[in-house]
file coords_4.cif (mmCIF, C-alpha atoms)
data_coords
loop_
_atom_site.label_atom_id
_atom_site.label_comp_id
_atom_site.auth_asym_id
_atom_site.auth_seq_id
_atom_site.Cartn_x
_atom_site.Cartn_y
_atom_site.Cartn_z
CA MET G 1 78.67 74.75 94.55
CA THR G 2 78.43 71.35 92.92
CA ASP G 3 79.05 69.44 96.15
CA VAL G 4 75.33 69.54 97.05
CA SER G 5 73.82 69.00 93.62
CA GLY G 6 72.47 65.81 92.06
CA ASP G 7 69.76 63.64 93.59
CA GLN G 8 70.43 64.61 97.21
CA PRO G 9 67.67 66.44 99.08
CA PRO G 10 68.42 70.14 99.30
CA LEU G 11 69.99 71.73 102.32
CA ARG G 12 67.35 73.07 104.71
CA LEU G 13 67.57 76.35 106.62
CA ILE G 14 65.21 76.47 109.61
CA ALA G 15 64.93 79.85 111.33
CA ASP G 16 62.83 82.82 112.30
CA ALA G 17 61.66 84.48 109.09
CA ASP G 18 63.31 87.84 109.81
CA GLY G 19 66.25 86.72 111.90
CA ARG G 20 69.52 88.55 111.33
CA ASP G 21 71.62 85.39 111.76
CA GLU G 22 69.42 83.52 109.30
CA TYR G 23 69.99 86.27 106.73
CA ALA G 24 73.77 85.86 106.92
CA ILE G 25 73.47 82.14 106.16
CA ARG G 26 70.82 82.63 103.46
CA ASP G 27 72.87 85.34 101.76
CA TYR G 28 76.04 83.23 101.80
CA LEU G 29 74.27 80.17 100.35
CA THR G 30 72.60 82.25 97.64
CA ARG G 31 75.84 83.89 96.56
CA SER G 32 77.53 80.48 96.58
CA GLY G 33 74.88 79.03 94.27
CA VAL G 34 73.71 76.41 96.77
CA PRO G 35 70.10 75.20 96.41
CA PHE G 36 68.33 75.24 99.77
CA LEU G 37 64.88 75.15 101.30
CA SER G 38 64.11 77.94 103.75
CA ILE G 39 61.64 76.96 106.48
CA ALA G 40 60.22 79.62 108.80
CA VAL G 41 59.50 78.56 112.38
CA PRO G 42 55.94 79.44 113.48
CA ALA G 43 55.73 81.27 116.81
CA GLY G 44 55.65 78.83 119.71
CA SER G 45 56.36 75.81 117.54
CA SER G 46 58.39 72.93 118.97
CA SER G 47 59.29 71.51 115.57
CA ALA G 48 59.71 72.61 111.95
CA GLY G 49 60.55 70.77 108.76
CA GLY G 50 60.47 67.48 110.62
CA VAL G 51 63.18 68.62 113.06
CA ASP G 52 62.68 68.76 116.83
CA LEU G 53 63.59 72.27 118.03
CA ALA G 54 63.68 71.51 121.75
CA GLY G 55 66.90 72.83 123.27
CA ARG G 56 68.31 73.89 119.93
CA ARG G 57 69.61 77.33 118.97
CA LEU G 58 68.25 78.83 115.77
CA PRO G 59 68.98 79.06 112.93
CA LEU G 60 69.44 75.39 112.10
CA VAL G 61 71.11 74.12 108.95
CA VAL G 62 70.11 70.56 108.03
CA LEU G 63 72.80 69.19 105.73
CA PRO G 64 71.98 67.18 102.59
CA ARG G 65 73.87 64.11 103.83
CA GLY G 66 72.50 64.36 107.37
CA GLY G 67 73.59 66.30 110.41
CA VAL G 68 72.31 69.53 111.90
CA LEU G 69 74.27 72.71 112.57
CA GLU G 70 72.99 74.99 115.34
CA ASP G 71 73.40 78.76 114.93
CA PRO G 72 76.38 78.32 112.57
CA THR G 73 78.55 80.93 110.92
CA PRO G 74 78.88 80.90 107.12
CA GLU G 75 82.39 79.49 107.59
CA GLN G 76 81.03 76.58 109.63
CA VAL G 77 78.44 75.86 106.93
CA ALA G 78 81.13 75.94 104.23
CA SER G 79 83.31 73.63 106.29
CA ALA G 80 80.44 71.17 106.82
CA LEU G 81 79.85 71.11 103.06
CA GLY G 82 83.48 70.19 102.50
CA TRP G 83 84.64 73.43 100.93
CA VAL G 84 87.22 74.58 103.48
CA HIS G 85 90.69 73.09 103.06
CA PRO G 86 94.18 74.20 104.07
CA PRO G 87 96.53 75.20 101.25
CA ALA G 88 97.72 72.16 99.28
CA ARG G 89 101.34 73.31 99.37
CA SER G 90 103.54 75.87 101.11
CA THR G 91 105.03 77.52 98.02
CA TYR G 92 103.38 78.68 94.77
CA ASP G 93 104.35 80.68 91.73
CA LEU G 94 101.45 83.07 92.34
CA ILE G 95 99.15 83.96 95.24
CA ILE G 96 95.89 85.63 94.24
CA HIS G 97 94.02 87.45 96.98
CA GLY G 98 90.31 87.57 96.13
CA ALA G 99 88.02 85.27 94.14
CA GLY G 100 85.92 87.83 92.33
CA PRO G 101 85.89 88.15 88.52
CA ALA G 102 89.45 89.54 88.36
CA GLY G 103 90.92 86.94 90.70
CA LEU G 104 89.11 84.01 89.10
CA SER G 105 90.08 85.16 85.61
CA ALA G 106 93.72 85.38 86.65
CA ALA G 107 93.49 81.93 88.26
CA VAL G 108 92.12 80.38 85.06
CA TYR G 109 94.79 81.90 82.83
CA ALA G 110 97.71 81.40 85.24
CA ALA G 111 96.85 77.77 86.05
CA SER G 112 96.12 76.92 82.41
CA GLU G 113 99.57 78.24 81.51
CA GLY G 114 101.33 76.04 84.02
CA LEU G 115 101.78 78.31 87.01
CA SER G 116 101.07 76.96 90.49
CA VAL G 117 98.33 79.20 91.89
CA ALA G 118 96.65 79.69 95.26
CA VAL G 119 93.48 81.80 95.39
CA VAL G 120 92.74 83.05 98.91
CA GLU G 121 89.14 84.19 99.50
CA ARG G 122 87.68 85.21 102.86
CA ASP G 123 84.03 85.05 101.79
CA ALA G 124 81.89 83.56 99.03
CA VAL G 125 83.37 83.11 95.56
CA GLY G 126 82.31 85.91 93.22
CA GLY G 127 83.14 89.05 95.17
CA GLN G 128 80.76 91.97 94.74
CA ALA G 129 79.63 90.56 91.39
CA GLY G 130 78.15 87.65 93.32
CA PHE G 131 75.48 90.02 94.64
CA SER G 132 74.22 90.75 91.11
CA SER G 133 70.89 89.11 90.36
CA LEU G 134 71.33 89.41 86.58
CA ILE G 135 74.27 90.71 84.54
CA GLU G 136 72.87 91.39 81.08
CA ASN G 137 75.73 93.20 79.34
CA TYR G 138 78.47 90.60 79.80
CA LEU G 139 79.77 89.24 76.52
CA GLY G 140 78.45 85.81 75.54
CA PHE G 141 75.33 85.75 77.72
CA PRO G 142 72.55 87.36 75.63
CA GLY G 143 69.94 86.24 78.17
CA GLY G 144 71.98 87.50 81.10
CA VAL G 145 73.67 85.54 83.87
CA SER G 146 73.53 85.90 87.64
CA GLY G 147 76.71 86.87 89.41
CA ALA G 148 76.61 83.66 91.44
CA GLU G 149 76.31 81.47 88.33
CA LEU G 150 79.12 83.29 86.53
CA ALA G 151 81.37 82.94 89.57
CA GLU G 152 80.58 79.24 89.97
CA ARG G 153 81.40 78.57 86.31
CA ALA G 154 84.70 80.42 86.72
CA ARG G 155 85.48 78.56 89.95
CA ARG G 156 85.00 75.18 88.30
CA GLN G 157 87.13 76.29 85.36
CA ALA G 158 89.98 77.45 87.62
CA VAL G 159 89.89 74.23 89.64
CA SER G 160 89.87 72.12 86.47
CA PHE G 161 93.19 73.70 85.47
CA GLY G 162 94.70 72.99 88.89
CA ALA G 163 94.27 76.25 90.82
CA ASP G 164 94.13 75.78 94.59
CA LEU G 165 91.15 77.64 96.09
CA VAL G 166 91.65 78.44 99.76
CA LEU G 167 88.13 79.52 100.74
CA MET G 168 86.80 81.20 103.89
CA ARG G 169 90.32 82.23 104.79
CA HIS G 170 91.77 85.71 105.04
CA GLY G 171 95.27 87.01 105.40
CA VAL G 172 96.29 88.46 108.74
CA ASP G 173 99.75 89.45 107.59
CA ARG G 174 101.47 89.93 104.24
CA THR G 175 105.06 90.74 103.45
CA PHE G 176 106.69 91.42 100.08
CA THR G 177 110.49 91.30 100.22
CA ASP G 178 113.23 90.20 97.81
CA HIS G 179 110.81 88.59 95.33
CA ASP G 180 109.25 86.51 98.11
CA VAL G 181 105.59 87.01 98.86
CA ARG G 182 104.52 85.69 102.26
CA ALA G 183 100.90 85.35 103.34
CA LEU G 184 99.97 84.34 106.88
CA LEU G 185 96.35 83.18 107.05
CA ALA G 186 93.95 83.39 109.98
CA ASP G 187 93.99 79.60 110.44
CA GLY G 188 97.76 79.68 111.01
CA SER G 189 98.72 78.53 107.50
CA GLU G 190 101.65 80.29 105.87
CA ILE G 191 102.21 80.26 102.12
CA HIS G 192 104.90 81.75 99.93
CA ALA G 193 105.06 82.70 96.27
CA ARG G 194 107.23 84.56 93.79
CA ALA G 195 104.44 87.00 92.87
CA ALA G 196 101.08 88.19 94.14
CA LEU G 197 97.93 89.56 92.56
CA CYS G 198 95.68 91.69 94.73
CA ALA G 199 92.10 91.35 93.50
CA THR G 200 90.40 92.03 96.81
CA GLY G 201 87.72 94.19 95.21
CA VAL G 202 85.38 96.49 97.09
CA GLN G 203 82.72 96.18 99.75
CA TRP G 204 79.40 98.00 99.77
CA ARG G 205 79.53 101.43 101.34
CA ARG G 206 77.45 101.53 104.50
CA LEU G 207 74.75 104.01 105.45
CA ASP G 208 76.27 106.37 107.98
CA LEU G 209 73.11 106.58 110.07
CA PRO G 210 72.18 105.73 113.66
CA ARG G 211 70.52 102.28 113.85
CA ALA G 212 71.70 101.29 110.35
CA ARG G 213 74.27 98.89 111.76
CA ASP G 214 71.78 97.48 114.27
CA LEU G 215 69.27 96.78 111.51
CA GLN G 216 71.71 95.33 108.98
CA GLY G 217 70.36 91.96 107.92
CA ALA G 218 67.04 92.76 109.59
CA GLY G 219 65.48 95.07 107.02
CA VAL G 220 68.60 96.95 105.91
CA TYR G 221 70.49 95.01 103.22
CA TYR G 222 73.51 95.78 101.06
CA GLY G 223 73.48 94.68 97.43
CA ALA G 224 70.89 93.52 94.95
CA GLY G 225 68.74 91.53 97.36
CA THR G 226 69.05 88.27 95.47
CA SER G 227 68.52 86.21 98.62
CA GLU G 228 65.69 88.42 99.91
CA ALA G 229 63.53 88.91 96.83
CA SER G 230 61.15 86.05 97.63
CA ALA G 231 60.51 87.54 101.08
CA CYS G 232 59.29 90.80 99.50
CA ILE G 233 56.08 89.47 97.96
CA GLY G 234 53.31 91.99 98.50
CA GLN G 235 55.71 94.52 100.08
CA HIS G 236 56.69 98.08 99.17
CA VAL G 237 60.48 98.01 99.16
CA TYR G 238 63.11 100.71 98.68
CA VAL G 239 66.43 100.70 96.80
CA VAL G 240 69.11 103.34 97.47
CA GLY G 241 71.53 104.14 94.65
CA GLY G 242 71.82 105.37 91.11
CA ALA G 243 74.29 103.06 89.38
CA ASN G 244 73.86 99.72 87.60
CA SER G 245 73.83 97.70 90.82
CA ALA G 246 70.81 99.67 92.03
CA GLY G 247 69.06 99.24 88.68
CA GLN G 248 69.66 95.48 88.74
CA ALA G 249 68.35 95.29 92.29
CA ALA G 250 65.22 97.24 91.41
CA MET G 251 64.40 95.04 88.42
CA ASN G 252 65.00 91.87 90.40
CA LEU G 253 62.83 93.03 93.30
CA ALA G 254 60.08 94.31 91.00
CA ALA G 255 59.40 90.71 89.94
CA HIS G 256 58.39 89.90 93.53
CA ALA G 257 57.45 93.04 95.46
CA ALA G 258 54.21 94.95 95.07
CA HIS G 259 56.17 98.16 94.48
CA VAL G 260 59.80 99.28 94.33
CA THR G 261 60.91 102.86 94.93
CA VAL G 262 64.43 103.80 93.83
CA LEU G 263 65.97 106.62 95.86
CA VAL G 264 68.57 108.64 93.93
CA ARG G 265 70.69 111.29 95.62
CA GLY G 266 71.42 113.17 92.37
CA PRO G 267 69.14 114.96 89.91
CA SER G 268 68.97 112.06 87.39
CA LEU G 269 70.16 108.57 86.49
CA SER G 270 71.33 109.30 82.96
CA SER G 271 74.98 109.83 83.88
CA THR G 272 75.34 106.90 86.30
CA MET G 273 73.25 104.00 84.94
CA SER G 274 73.48 102.08 81.69
CA ALA G 275 70.82 103.04 79.16
CA TYR G 276 69.33 99.55 78.91
CA LEU G 277 68.62 99.48 82.66
CA LEU G 278 67.32 103.02 82.73
CA ASN G 279 64.93 102.26 79.87
CA ARG G 280 63.63 99.14 81.59
CA LEU G 281 63.04 100.91 84.87
CA ALA G 282 61.16 103.67 83.06
CA VAL G 283 58.55 101.25 81.69
CA GLN G 284 58.33 98.93 84.71
CA PRO G 285 54.84 99.64 86.11
CA ASN G 286 55.63 98.92 89.75
CA VAL G 287 58.86 100.95 89.94
CA THR G 288 59.05 104.60 90.97
CA ILE G 289 62.23 106.68 90.81
CA LEU G 290 62.68 109.57 93.23
CA VAL G 291 65.60 111.89 92.45
CA ASN G 292 67.20 114.45 94.79
CA THR G 293 66.26 112.11 97.63
CA ARG G 294 68.33 110.88 100.56
CA VAL G 295 67.66 108.44 103.38
CA VAL G 296 68.40 110.37 106.57
CA ALA G 297 67.12 107.92 109.20
CA VAL G 298 66.13 104.29 109.68
CA ASP G 299 64.28 102.96 112.68
CA GLY G 300 62.74 99.85 114.13
CA ASP G 301 62.95 97.53 117.10
CA GLU G 302 64.25 94.08 116.07
CA HIS G 303 63.50 94.74 112.38
CA LEU G 304 63.28 97.77 110.12
CA GLU G 305 59.92 99.51 110.51
CA GLU G 306 60.42 103.04 109.20
CA ILE G 307 62.67 105.21 107.04
CA THR G 308 62.94 108.99 106.80
CA LEU G 309 63.56 110.60 103.41
CA ASP G 310 64.86 114.09 102.71
CA GLN G 311 63.70 115.57 99.41
CA THR G 312 65.27 119.00 98.89
CA GLY G 313 64.92 119.90 102.54
CA THR G 314 61.56 118.28 103.25
CA ALA G 315 61.65 115.28 105.60
CA THR G 316 59.10 112.50 105.19
CA ARG G 317 58.70 109.44 107.44
CA LEU G 318 57.46 106.29 105.71
CA PRO G 319 56.75 102.73 106.86
CA ALA G 320 59.31 100.31 105.40
CA THR G 321 60.40 96.75 106.08
CA HIS G 322 63.03 96.30 103.34
CA LEU G 323 65.73 98.80 102.34
CA PHE G 324 68.37 97.70 99.82
CA VAL G 325 71.49 99.87 99.68
CA CYS G 326 73.66 99.97 96.53
CA ILE G 327 75.72 103.12 96.94
CA GLY G 328 79.10 102.14 95.55
CA GLY G 329 82.06 100.38 97.01
CA ALA G 330 84.92 101.06 99.40
CA PRO G 331 88.16 99.24 98.52
CA ASN G 332 89.27 96.24 100.56
CA THR G 333 92.79 97.50 101.15
CA GLU G 334 93.15 97.60 104.94
CA TRP G 335 95.89 94.98 104.57
CA ALA G 336 98.05 97.44 102.60
CA GLU G 337 98.46 99.81 105.54
CA THR G 338 101.35 97.73 106.91
CA THR G 339 103.09 97.32 103.55
CA ASP G 340 104.89 99.52 101.02
CA VAL G 341 102.03 99.17 98.52
CA ARG G 342 100.82 102.69 97.74
CA LEU G 343 97.18 103.81 97.79
CA ASP G 344 95.39 106.83 96.39
CA THR G 345 93.46 109.24 98.62
CA ARG G 346 90.35 107.02 98.48
CA GLY G 347 92.23 103.88 99.45
CA PHE G 348 92.49 102.22 96.02
CA LEU G 349 95.72 100.54 94.89
CA LEU G 350 97.96 102.60 92.63
CA THR G 351 99.59 100.81 89.71
CA GLY G 352 101.79 101.59 86.70
CA VAL G 353 101.36 105.06 85.27
CA ASP G 354 99.20 106.16 88.22
CA LEU G 355 102.12 105.92 90.65
CA SER G 356 103.38 109.33 91.74
CA PRO G 357 106.86 110.70 90.96
CA ASP G 358 107.78 110.10 94.62
CA ASP G 359 106.69 106.48 94.30
CA LEU G 360 108.76 106.08 91.15
CA ASP G 361 111.80 107.66 92.85
CA ARG G 362 111.64 104.83 95.41
CA TRP G 363 111.11 102.15 92.74
CA PRO G 364 114.09 99.73 93.12
CA LEU G 365 114.31 98.28 89.58
CA LYS G 366 115.83 99.74 86.41
CA ARG G 367 112.64 99.12 84.43
CA ALA G 368 109.45 101.06 85.09
CA PRO G 369 106.53 99.35 86.87
CA TYR G 370 104.31 97.33 84.58
CA TYR G 371 100.82 98.68 83.89
CA LEU G 372 99.13 96.59 86.61
CA GLU G 373 102.12 96.46 88.97
CA THR G 374 101.97 98.27 92.31
CA SER G 375 104.76 100.24 93.96
CA VAL G 376 106.25 96.91 95.11
CA PRO G 377 107.87 94.79 92.37
CA GLY G 378 106.04 91.52 91.80
CA VAL G 379 102.85 92.65 93.50
CA PHE G 380 100.10 93.33 90.97
CA ALA G 381 96.51 94.57 91.22
CA ALA G 382 93.44 93.98 89.07
CA GLY G 383 89.75 94.74 89.14
CA ASP G 384 87.75 97.14 91.25
CA VAL G 385 90.41 97.46 93.95
CA ARG G 386 92.73 99.21 91.50
CA ALA G 387 92.68 103.00 91.22
CA ASN G 388 91.02 104.31 88.05
CA SER G 389 89.77 100.88 86.97
CA VAL G 390 86.56 100.57 84.97
CA LYS G 391 83.96 99.20 87.36
CA ARG G 392 82.54 96.49 85.10
CA VAL G 393 82.71 92.68 85.28
CA ALA G 394 84.20 92.46 81.78
CA SER G 395 86.94 94.93 82.68
CA ALA G 396 87.82 92.99 85.83
CA VAL G 397 88.03 89.74 83.85
CA GLY G 398 90.23 91.44 81.26
CA GLU G 399 92.55 92.89 83.88
CA GLY G 400 92.89 89.49 85.55
CA ALA G 401 93.99 87.97 82.24
CA MET G 402 96.30 90.91 81.46
CA ALA G 403 97.89 90.65 84.90
CA VAL G 404 98.94 87.06 84.22
CA THR G 405 100.83 88.15 81.08
CA LEU G 406 102.68 90.79 83.10
CA ILE G 407 103.33 88.33 85.92
CA HIS G 408 104.96 85.96 83.42
CA ARG G 409 107.31 88.79 82.42
CA TYR G 410 108.13 89.49 86.05
CA LEU G 411 108.75 85.82 86.88
CA ALA G 412 111.14 85.59 83.95
CA GLU G 413 113.21 88.30 85.65
CA VAL G 414 113.57 86.67 89.06
CA THR G 415 115.33 83.56 90.28
CA PRO G 416 112.92 80.75 91.27
CA LEU G 417 112.54 80.11 94.98
#
call {"tool": "encode", "arguments": {"input": "coords_4.cif", "output": "structure tokens"}}
result
Amino acid sequence: MTDVSGDQPPLRLIADADGRDEYAIRDYLTRSGVPFLSIAVPAGSSSAGGVDLAGRRLPLVVLPRGGVLEDPTPEQVASALGWVHPPARSTYDLIIHGAGPAGLSAAVYAASEGLSVAVVERDAVGGQAGFSSLIENYLGFPGGVSGAELAERARRQAVSFGADLVLMRHGVDRTFTDHDVRALLADGSEIHARAALCATGVQWRRLDLPRARDLQGAGVYYGAGTSEASACIGQHVYVVGGANSAGQAAMNLAAHAAHVTVLVRGPSLSSTMSAYLLNRLAVQPNVTILVNTRVVAVDGDEHLEEITLDQTGTATRLPATHLFVCIGGAPNTEWAETTDVRLDTRGFLLTGVDLSPDDLDRWPLKRAPYYLETSVPGVFAAGDVRANSVKRVASAVGEGAMAVTLIHRYLAEVTPL
């Protein structure tokens, strides 16, 4: 974020090198595009980075303009940097849930066309794309662009057109009745709009293994490892997954780690990974690809120390300190369980032609649902959270823009609040 750029000294993060809490802060800052200096505390040290540690709880965040946060949450860091604000108004034309590529694209187009827009995001701007170390097949960036940089550019663009970004806030209740969208946020704020766009995206699927949750952020990581790559120098690290996100993670980590082993559950990568990534992995000297391989156990005390692999029935235990998991996404649609918005069997939002005959029988309007409209009139969906969407950044951006066109049509049908 631009708030900490310029001639100010960078934010400093002082913590134990492998601390789980430190990882959460480091990951959030990295995905938010914030420059920072990470300082590891030597064992038994009473000071680090010029800061007295006596009586203080690690990790410490030393802010660019002064001030020290003790053991903060990402939300507290964002608030200290001046990013957390209540909604600027109580009523908007459009509420967008999610600030990933689809949500940010919709915010840019809607705000630039004169709609009042609130974008509600519970985490870092960028969504799952923010985990990508380098997106090389996005139009207009022949040298590639990191997910964090792309998201920050889009954020600035949306704000420049007047979109209201409500960051580090999530909805605890949503209702969609009589062309009135109501969103109650966790901080007690309540906002209304005439239409809503659900661009809540997906979250990384977790390893369903004993100890995996305990070791998350302490050797077991989800995503491309952008914030952890520099800590892998001289290490043998492992990447789980066979799609583009796993390929991007492997290439990013290979520039730092001594060796990267990619663990693929299926018999090959040819049907799940883009050719350009597959070709690069094939010629990268410090990358090995193991197919027909599953992680069946992870173990360690305070930090990951060992993984167990199953290769066609043969179990092998290996020492490991870093395991990066990129095994697809589960939709962020828990909120829909208390609404009339319909989901498919995997939990993705159904829209347009994908709605079932039963859903269409209950549709209250004379016209059919628009292509990106859910089973509730005026509630649209775009990006990875939508059933049968193409899981690519460019597709999410396109759907966000398309949704705004359809939202204009819908708003023309309803009476303003």
call {"tool": "atom_distance", "arguments": {"input": "coords_4.cif", "atom1": "atom CA of Ile233 of chain G", "atom2": "atom CA of Thr30 of chain G"}}
result
18.0 Å
call {"tool": "residues_around", "arguments": {"input": "coords_4.cif", "residues": "segment 80-88 of chain G", "least_positions_apart": "6", "cutoff": "12 Å", "atoms": "all atoms listed in the file", "output": "number ranges by chain"}}
result
G: 1-5, 11, 29, 32, 34, 61-70, 72-74, 95, 116-125, 162-170, 183-192
call {"tool": "resolve_selection", "arguments": {"input": "coords_4.cif", "expression": "the PyMOL selection byres ((chain G and resi 57) around 6)", "output": "list in words"}}
result
Arg56, Leu58, Glu70 and Asp71 of chain G
call {"tool": "atom_distance", "arguments": {"input": "coords_4.cif", "atom1": "atom CA of Ser375 of chain G", "atom2": "atom CA of Asp358 of chain G"}}
result
10.3 Å
call {"tool": "resolve_selection", "arguments": {"input": "coords_4.cif", "expression": "the PyMOL selection byres ((chain G and resi 240) around 7)", "output": "count of residues only"}}
result
11
call {"tool": "closest_residue", "arguments": {"input": "coords_4.cif", "among": "G:Leu207, G:Val202, G:Leu350, G:Ala107", "to": "Val159 of chain G", "atoms": "all atoms listed in the file"}}
result
G:Ala107
call {"tool": "atom_distance", "arguments": {"input": "coords_4.cif", "atom1": "atom CA of Phe36 of chain G", "atom2": "atom CA of Asn244 of chain G"}}
result
27.9 Å
call {"tool": "residues_around", "arguments": {"input": "coords_4.cif", "residues": "Val260 of chain G", "least_positions_apart": "3", "cutoff": "7 Å", "atoms": "only C-alpha atoms", "output": "list in words"}}
result
His236, Val237, Tyr238, Ala250, Ala254, Ala257, Asn286, Val287 and Thr288 of chain G
call {"tool": "resolve_selection", "arguments": {"input": "coords_4.cif", "expression": "the PyMOL selection byres ((chain G and resi 49) around 12)", "output": "VMD selection string"}}
result
chain G and resid 11 to 15 37 to 42 45 to 48 50 to 53 60 to 62
call {"tool": "closest_atom_pairs", "arguments": {"input": "coords_4.cif", "of": "segment 289-364 of chain G", "to": "segment 266-285 of chain G", "cutoff": "8 Å", "atoms": "all atoms listed in the file", "output": "Markdown table"}}
result
| residue | atom | partner | partner_atom | distance |
| --- | --- | --- | --- | --- |
| G:Val291 | CA | G:Pro267 | CA | 5.3 |
| G:Asn292 | CA | G:Gly266 | CA | 5.0 |
| G:Thr293 | CA | G:Gly266 | CA | 7.4 |
call {"tool": "closest_residue", "arguments": {"input": "coords_4.cif", "among": "G:Val393, G:Val385, G:Leu104, G:Ala403", "to": "Gly147 of chain G", "atoms": "all atoms listed in the file"}}
result
G:Val393
call {"tool": "closest_residue", "arguments": {"input": "coords_4.cif", "among": "G:Ala330, G:Ala315, G:Ala387, G:Leu323", "to": "Val353 of chain G", "atoms": "all atoms listed in the file"}}
result
G:Ala387
call {"tool": "residues_around", "arguments": {"input": "coords_4.cif", "residues": "Gln203 of chain G", "least_positions_apart": "3", "cutoff": "8 Å", "atoms": "only C-alpha atoms", "output": "JSON, numbers by chain"}}
result
{"G": [128, 329, 330, 331, 332]}
call {"tool": "closest_residue", "arguments": {"input": "coords_4.cif", "among": "G:Tyr370, G:Ile25, G:Ala151, G:Val220", "to": "Gln76 of chain G", "atoms": "all atoms listed in the file"}}
result
G:Ile25
call {"tool": "closest_residue", "arguments": {"input": "coords_4.cif", "among": "G:Arg392, G:Arg89, G:Arg20, G:Arg153", "to": "Glu136 of chain G", "atoms": "all atoms listed in the file"}}
result
G:Arg392
call {"tool": "residues_around", "arguments": {"input": "coords_4.cif", "residues": "Phe176 of chain G", "least_positions_apart": "3", "cutoff": "10 Å", "atoms": "only C-alpha atoms", "output": "list of chain:residue names"}}
result
G:His179, G:Asp180, G:Val181, G:Arg182, G:Ala183, G:His192, G:Ala193, G:Arg194, G:Ala195, G:Ala196, G:Thr339, G:Asp340, G:Val341, G:Val376, G:Pro377, G:Gly378, G:Val379
call {"tool": "residues_around", "arguments": {"input": "coords_4.cif", "residues": "Ala224 of chain G", "least_positions_apart": "6", "cutoff": "6 Å", "atoms": "all atoms listed in the file", "output": "list in words"}}
result
Phe131, Ser132 and Ala249 of chain G
call {"tool": "write_last_selection", "arguments": {"input": "coords_4.cif", "atoms": "C-alpha atoms", "output": "short mmCIF file (atom, residue, chain, number, x, y, z; two decimals), keeping the file's coordinate frame"}}
result
data_model
loop_
_atom_site.label_atom_id
_atom_site.label_comp_id
_atom_site.auth_asym_id
_atom_site.auth_seq_id
_atom_site.Cartn_x
_atom_site.Cartn_y
_atom_site.Cartn_z
CA PHE G 131 75.48 90.02 94.64
CA SER G 132 74.22 90.75 91.11
CA ALA G 249 68.35 95.29 92.29
#
